[in-house]
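Enquirer: Structure file entry_8.txt (compact mmCIF, C-alpha atoms) is given on the next line.
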```txt
# COMPACT_ATOMS: atom_id res chain seq x y z
CA MET U 1177 -36.55 63.81 -70.96
CA GLY U 1178 -36.14 62.53 -67.42
CA LYS U 1179 -34.79 64.70 -64.63
CA LEU U 1180 -32.34 62.02 -63.46
CA ASN U 1181 -29.37 60.80 -65.51
CA ILE U 1182 -28.79 57.19 -64.42
CA THR U 1183 -25.55 55.42 -65.33
CA LYS U 1184 -24.64 51.79 -64.68
CA CYS U 1185 -21.31 51.18 -62.93
CA PRO U 1186 -18.80 48.47 -63.95
CA ILE U 1187 -20.15 46.20 -61.19
CA GLU U 1188 -23.67 44.95 -61.80
CA GLY U 1189 -26.22 46.36 -59.36
CA LEU U 1190 -24.54 49.74 -58.88
CA TYR U 1191 -25.78 53.00 -60.42
CA VAL U 1192 -24.65 56.62 -60.32
CA ILE U 1193 -27.58 59.04 -60.45
CA GLU U 1194 -27.06 62.66 -61.46
CA PRO U 1195 -30.05 65.00 -61.19
CA MET U 1196 -30.65 68.14 -63.20
CA VAL U 1197 -29.89 71.21 -61.07
CA TYR U 1198 -31.64 74.52 -61.74
CA GLY U 1199 -29.75 77.45 -60.24
CA ASP U 1200 -30.01 81.24 -60.18
CA THR U 1201 -29.08 84.10 -57.87
CA ARG U 1202 -31.47 82.78 -55.22
CA GLY U 1203 -29.89 79.33 -55.00
CA TYR U 1204 -30.90 76.10 -56.72
CA PHE U 1205 -33.62 73.46 -57.09
CA THR U 1206 -33.14 69.80 -57.91
CA GLU U 1207 -35.32 66.70 -57.97
CA THR U 1208 -33.51 64.04 -55.94
CA TYR U 1209 -35.83 61.11 -56.61
CA ASN U 1210 -38.23 60.26 -59.43
CA LYS U 1211 -39.89 56.85 -59.48
CA SER U 1212 -40.67 57.04 -63.19
CA ASP U 1213 -37.05 57.76 -64.15
CA MET U 1214 -35.87 54.94 -61.90
CA GLU U 1215 -38.26 52.45 -63.46
CA LYS U 1216 -37.20 53.46 -66.98
CA ALA U 1217 -33.65 52.55 -65.94
CA GLY U 1218 -34.85 49.14 -64.72
CA LEU U 1219 -34.90 50.04 -61.01
CA HIS U 1220 -38.13 48.99 -59.33
CA MET U 1221 -37.14 49.17 -55.67
CA THR U 1222 -39.44 50.39 -52.91
CA PHE U 1223 -37.95 52.48 -50.11
CA VAL U 1224 -39.17 52.00 -46.54
CA GLN U 1225 -36.76 54.08 -44.45
CA ASP U 1226 -34.78 57.33 -44.75
CA ASN U 1227 -31.64 57.96 -42.66
CA GLU U 1228 -29.33 60.93 -42.14
CA SER U 1229 -25.97 61.26 -40.41
CA MET U 1230 -23.47 64.03 -39.72
CA SER U 1231 -19.79 63.16 -39.49
CA THR U 1232 -16.59 65.14 -39.05
CA LYS U 1233 -13.43 64.99 -41.13
CA GLY U 1234 -11.60 61.67 -41.01
CA VAL U 1235 -14.63 59.64 -39.91
CA LEU U 1236 -14.83 56.30 -41.71
CA ARG U 1237 -18.10 54.40 -41.37
CA GLY U 1238 -18.20 50.84 -42.62
CA LEU U 1239 -18.12 48.49 -44.24
CA HIS U 1240 -21.67 47.46 -43.22
CA PHE U 1241 -24.45 45.15 -44.41
CA GLN U 1242 -27.44 43.20 -43.07
CA LYS U 1243 -27.31 39.42 -43.25
CA GLN U 1244 -30.94 38.27 -43.49
CA HIS U 1245 -32.66 41.46 -44.68
CA PRO U 1246 -30.11 43.00 -47.08
CA GLN U 1247 -30.73 46.64 -47.89
CA GLY U 1248 -30.63 48.47 -51.16
CA LYS U 1249 -29.46 52.05 -50.52
CA LEU U 1250 -29.74 55.31 -52.42
CA VAL U 1251 -27.10 57.56 -50.88
CA ARG U 1252 -26.18 61.23 -51.28
CA VAL U 1253 -24.32 64.04 -49.55
CA MET U 1254 -26.22 67.19 -48.58
CA GLU U 1255 -23.19 68.98 -47.14
CA GLY U 1256 -19.47 68.34 -47.53
CA ARG U 1257 -17.55 65.66 -49.41
CA VAL U 1258 -17.20 61.90 -48.91
CA PHE U 1259 -15.72 58.94 -50.72
CA ASP U 1260 -18.43 56.29 -50.80
CA VAL U 1261 -17.39 52.64 -51.20
CA VAL U 1262 -19.06 49.27 -51.67
CA VAL U 1263 -17.72 45.71 -51.82
CA ASP U 1264 -19.53 42.94 -53.71
CA LEU U 1265 -20.44 40.13 -51.26
CA ARG U 1266 -22.61 38.11 -53.65
CA ARG U 1267 -20.95 34.70 -53.88
CA ASN U 1268 -22.31 33.98 -57.36
CA SER U 1269 -21.34 37.37 -58.79
CA LYS U 1270 -18.52 37.53 -61.33
CA THR U 1271 -17.26 40.58 -59.40
CA PHE U 1272 -17.38 38.94 -55.95
CA GLY U 1273 -14.85 40.61 -53.64
CA GLN U 1274 -14.35 43.64 -55.87
CA TRP U 1275 -14.94 47.22 -54.72
CA HIS U 1276 -16.23 50.38 -56.33
CA GLY U 1277 -16.01 53.95 -55.06
CA VAL U 1278 -17.80 57.21 -55.91
CA GLU U 1279 -17.05 60.71 -54.66
CA LEU U 1280 -20.23 62.39 -53.45
CA THR U 1281 -20.27 66.11 -52.73
CA GLU U 1282 -22.75 68.88 -52.09
CA GLU U 1283 -21.55 70.51 -55.33
CA ASN U 1284 -21.90 67.56 -57.71
CA HIS U 1285 -25.31 66.45 -56.30
CA ARG U 1286 -24.38 62.92 -57.35
CA GLN U 1287 -26.20 59.95 -55.84
CA PHE U 1288 -25.19 56.31 -55.67
CA TYR U 1289 -27.66 53.41 -55.73
CA ILE U 1290 -26.37 50.21 -54.16
CA SER U 1291 -28.39 47.03 -54.69
CA PRO U 1292 -28.71 44.45 -51.88
CA GLY U 1293 -25.66 42.20 -51.51
CA PHE U 1294 -22.93 44.77 -50.96
CA ALA U 1295 -21.02 45.97 -47.91
CA HIS U 1296 -21.11 49.77 -47.74
CA GLY U 1297 -19.09 52.52 -46.11
CA PHE U 1298 -17.72 56.03 -46.59
CA LEU U 1299 -14.82 58.28 -45.60
CA VAL U 1300 -15.40 61.98 -44.81
CA LEU U 1301 -12.95 64.26 -46.66
CA SER U 1302 -14.41 67.67 -45.73
CA ASP U 1303 -14.53 69.37 -42.32
CA ARG U 1304 -17.92 67.78 -41.85
CA ALA U 1305 -20.49 66.01 -43.99
CA LYS U 1306 -24.22 65.45 -43.86
CA PHE U 1307 -25.05 62.11 -45.46
CA ALA U 1308 -28.56 60.91 -46.35
CA TYR U 1309 -29.80 57.59 -47.67
CA LYS U 1310 -33.00 55.80 -48.55
CA CYS U 1311 -33.26 52.07 -47.73
CA THR U 1312 -35.30 49.24 -49.26
CA GLU U 1313 -35.35 47.33 -45.95
CA PHE U 1314 -35.77 48.37 -42.33
CA TYR U 1315 -32.72 48.45 -40.06
CA HIS U 1316 -32.29 45.25 -38.00
CA PRO U 1317 -29.41 45.81 -35.55
CA GLU U 1318 -29.22 42.13 -34.64
CA GLU U 1319 -28.47 41.26 -38.28
CA GLU U 1320 -25.67 43.75 -38.83
CA GLY U 1321 -22.44 42.48 -40.29
CA GLY U 1322 -19.27 44.05 -41.58
CA VAL U 1323 -16.03 43.67 -43.48
CA ALA U 1324 -12.71 45.28 -42.54
CA TRP U 1325 -12.38 48.58 -44.40
CA ASN U 1326 -8.62 48.04 -44.87
CA ASP U 1327 -8.64 44.34 -45.79
CA PRO U 1328 -5.66 43.83 -48.15
CA ASP U 1329 -7.60 41.10 -49.98
CA ILE U 1330 -10.00 43.83 -51.14
CA SER U 1331 -7.38 46.60 -51.34
CA ILE U 1332 -9.61 49.66 -51.43
CA THR U 1333 -7.83 52.82 -52.53
CA TRP U 1334 -9.14 55.40 -50.06
CA PRO U 1335 -8.27 58.91 -51.35
CA GLU U 1336 -6.02 61.13 -49.25
CA LEU U 1337 -5.50 58.33 -46.70
CA THR U 1338 -2.14 56.93 -45.65
CA GLY U 1339 -1.27 54.23 -43.13
CA GLU U 1340 0.07 50.74 -42.80
CA TYR U 1341 -2.07 47.63 -42.36
CA ASN U 1342 -1.32 45.92 -39.04
CA GLY U 1343 -3.46 42.82 -39.48
CA THR U 1344 -6.70 44.30 -38.06
CA ALA U 1345 -9.32 46.91 -38.92
CA ASP U 1346 -7.95 49.22 -36.22
CA GLY U 1347 -7.35 52.75 -37.49
CA ALA U 1348 -4.22 53.48 -35.46
CA GLY U 1349 -1.56 55.14 -37.63
CA TYR U 1350 -3.92 56.02 -40.48
CA LYS U 1351 -4.40 59.69 -41.35
CA LEU U 1352 -5.53 61.99 -44.14
CA SER U 1353 -3.04 64.01 -46.17
CA ASP U 1354 -3.50 67.06 -43.89
CA GLY U 1355 -2.69 64.97 -40.81
CA THR U 1356 -6.28 64.36 -39.65
CA PRO U 1357 -6.37 60.94 -37.95
CA ILE U 1358 -8.97 58.43 -39.05
CA LYS U 1359 -11.94 58.00 -36.69
CA LEU U 1360 -13.74 54.66 -36.40
CA SER U 1361 -16.48 53.32 -34.16
CA ASP U 1362 -15.42 50.52 -31.84
CA LYS U 1363 -17.35 47.93 -33.87
CA ASP U 1364 -15.71 49.05 -37.12
CA THR U 1365 -12.27 48.22 -35.72
CA LYS U 1366 -13.29 44.58 -35.24
CA TRP U 1367 -14.82 43.44 -38.54
CA PRO U 1368 -13.05 40.49 -40.21
CA GLY U 1369 -11.53 40.39 -43.66
CA ILE U 1370 -13.60 39.12 -46.57
CA LYS U 1371 -12.15 35.58 -46.27
CA ASN U 1372 -13.84 35.26 -42.86
CA SER U 1373 -16.90 37.39 -43.58
CA PHE U 1374 -20.53 36.47 -44.15
CA VAL U 1375 -21.38 36.36 -47.88
CA PHE U 1376 -24.69 36.32 -49.75
CA GLU U 1377 -25.19 32.92 -51.34
CA GLU U 1378 -28.49 33.54 -53.13
CA LEU U 1379 -28.31 37.13 -54.41
```
Go ahead and render the structure in this file as structure tokens.

Expert:
Amino acid sequence: MGKLNITKCPIEGLYVIEPMVYGDTRGYFTETYNKSDMEKAGLHMTFVQDNESMSTKGVLRGLHFQKQHPQGKLVRVMEGRVFDVVVDLRRNSKTFGQWHGVELTEENHRQFYISPGFAHGFLVLSDRAKFAYKCTEFYHPEEEGGVAWNDPDISITWPELTGEYNGTADGAGYKLSDGTPIKLSDKDTKWPGIKNSFVFEEL
């Protein structure tokens, strides 16, 4: 039996990966990646870059993608809790424009594999979160694109978040249920809605 339980999501190209966790009074051990288990599930990607970030509560990163060198990503949370979201930007996909979200926490050890062709982002729900991901393509800053995280045409249901859309991706007026204001990078306040976004024609 494999050490990774891999489940397909309702949108093609997305997978939730749950590893076996072995715990005792000392702590725990888990295998976070196994090429053989991935290949048995039909996943034959090669990873070329590992990234890690730390974010505080209320930080929303996204929704990001690369235009000419789209990345597949295997994401997980090492500390804290986040709501991880993707939007299908593949023009020829039957789920084009639809979103899917997965809660990733240090307790559930869940991972999320996102095939190339999606915009990706996450919202931090804990006091802080350490987020790690493996990429199938190198980062090319000049090719970065994005979609507004609050675009009403996508209508993502972000947990614990309230606020009113004002026609832009600006986070003013949005806050978590405990009053924590949303925190965005400057670039993430300027992404267009999906109607005016770059889309993947060939994927």

Enquirer: Take every atom of stretch 1321-1327 of chain U listed in the file, pad by 8 Å on each side, and give me the axis-aligned box centre and edge lengths in Å, one decimal, as AutoDock Vina command-line options.

Expert:
```
--center_x -15.5 --center_y 45.5 --center_z -43.0 --size_x 29.8 --size_y 22.1 --size_z 21.5
```

Enquirer: Go ahead and compute the interatomic distance for atom CA of U:Val1262 and atom CA of U:Gly1355, in Å to one decimal.

Expert: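 Between atom CA of U:Val1262 and atom CA of U:Gly1355 the gap works out to 25.1 Å.
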
Enquirer: When you count only C-alpha atoms, which of these residues is closest to U:Tyr1209: U:Glu1313, U:Asp1260, U:Glu1318, U:Glu1194?

Expert: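 Using only C-alpha atoms, U:Tyr1209 sits closest to U:Glu1194.
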
Enquirer: Give me, as an MDAnalysis selection string, all polymer residues having an atom no more than 9 Å from stretch 1290-1298 of chain U, counting all atoms listed in the file and skipping those fewer than 2 positions away in the same chain.

Expert: chainID U and resid 1188:1191 1235:1243 1245:1251 1258:1266 1277 1288 1300 1312 1321:1323 1325 1375:1376 1379

Enquirer: For U:Glu1228, work out the shell of residues within 12 Å, counting all atoms listed in the file and skipping chain neighbours fewer than 4 positions away, then give it as a list in words.

Expert: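 Listing them by chain and then by number gives Leu1250, Val1251, Arg1252, Val1253, Met1254, Glu1255, Ala1305, Lys1306, Phe1307, Ala1308, Tyr1309, Lys1310 and Cys1311 of chain U.
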
Enquirer: Quick one: write out the picked residues with C-alpha atoms as a PDB file, in the coordinates of the input?

Expert:
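Full text of part19.pdb as output:
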```pdb
ATOM      1  CA  LEU U1250     -29.740  55.310 -52.420  1.00  0.00           C
ATOM      2  CA  VAL U1251     -27.100  57.560 -50.880  1.00  0.00           C
ATOM      3  CA  ARG U1252     -26.180  61.230 -51.280  1.00  0.00           C
ATOM      4  CA  VAL U1253     -24.320  64.040 -49.550  1.00  0.00           C
ATOM      5  CA  MET U1254     -26.220  67.190 -48.580  1.00  0.00           C
ATOM      6  CA  GLU U1255     -23.190  68.980 -47.140  1.00  0.00           C
ATOM      7  CA  ALA U1305     -20.490  66.010 -43.990  1.00  0.00           C
ATOM      8  CA  LYS U1306     -24.220  65.450 -43.860  1.00  0.00           C
ATOM      9  CA  PHE U1307     -25.050  62.110 -45.460  1.00  0.00           C
ATOM     10  CA  ALA U1308     -28.560  60.910 -46.350  1.00  0.00           C
ATOM     11  CA  TYR U1309     -29.800  57.590 -47.670  1.00  0.00           C
ATOM     12  CA  LYS U1310     -33.000  55.800 -48.550  1.00  0.00           C
ATOM     13  CA  CYS U1311     -33.260  52.070 -47.730  1.00  0.00           C
TER      14      CYS U1311
END
```

Enquirer: Would you mind listing what lies within 10 Å of U:Pro1357 as JSON, numbers by chain, with only C-alpha atoms counted and same-chain residues fewer than 3 positions away left out?

Expert: {"U": [1233, 1234, 1235, 1337, 1338, 1339, 1347, 1348, 1349, 1350, 1351, 1352, 1353, 1354, 1360]}

Enquirer: Restricting the calculation to only C-alpha atoms, which member of U:Glu1319, U:Asp1327, U:Glu1340, U:Asp1226 is positioned closest to U:Asn1372?

Expert: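 Comparing U:Glu1319, U:Asp1327, U:Glu1340, U:Asp1226 against U:Asn1372, the winner is U:Asp1327.
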
Enquirer: Return the single residue from U:Met1214, U:Ala1345, U:Ile1330, U:Cys1185 that is closest to U:Lys1371, with distances computed using only C-alpha atoms.

Expert: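 Closest candidate: U:Ile1330.
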
Enquirer: Which distance in Å separates atom CA of U:Thr1222 and atom CA of U:Lys1184, to one decimal?

Expert: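 Those two atoms sit 19.0 Å apart.
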
Enquirer: For a test of reading the model, state the distance in Å between atom CA of U:Glu1336 and atom CA of U:Met1196, rounded to one decimal.

Expert: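 Straight-line distance from atom CA of U:Glu1336 to atom CA of U:Met1196 works out to 29.2 Å.
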
Enquirer: So which one's closest to U:Gln1274, U:Ile1332, U:Val1197, U:Leu1301, U:Ile1182? Using only C-alpha atoms, please.

Expert: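 Using only C-alpha atoms, the shortest distance to U:Gln1274 belongs to U:Ile1332.
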
Enquirer: Find, counting all atoms listed in the file, the residue in U:Asn1268, U:Gln1287, U:Ser1229, U:Thr1208 that gets nearest to U:Thr1183.

Expert: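 Of U:Asn1268, U:Gln1287, U:Ser1229, U:Thr1208, the one nearest U:Thr1183 is U:Gln1287, counting all atoms listed in the file.
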
Enquirer: For each of U:Glu1378, U:Asn1326, U:Ser1331, U:Arg1202, take the minimum atom-to-atom distance to U:Lys1366, counting all atoms listed in the file, then give the residue where this is smallest.

Expert: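 Smallest distance to U:Lys1366 is found for U:Asn1326.
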
Enquirer: Got a sec: who's within 7 Å of U:Arg1304, counting only C-alpha atoms, leaving out chain neighbours fewer than 5 positions off, as a list in words?

Expert: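 Returned residues: Ser1231, Thr1232, Lys1233 and Gly1256 of chain U.
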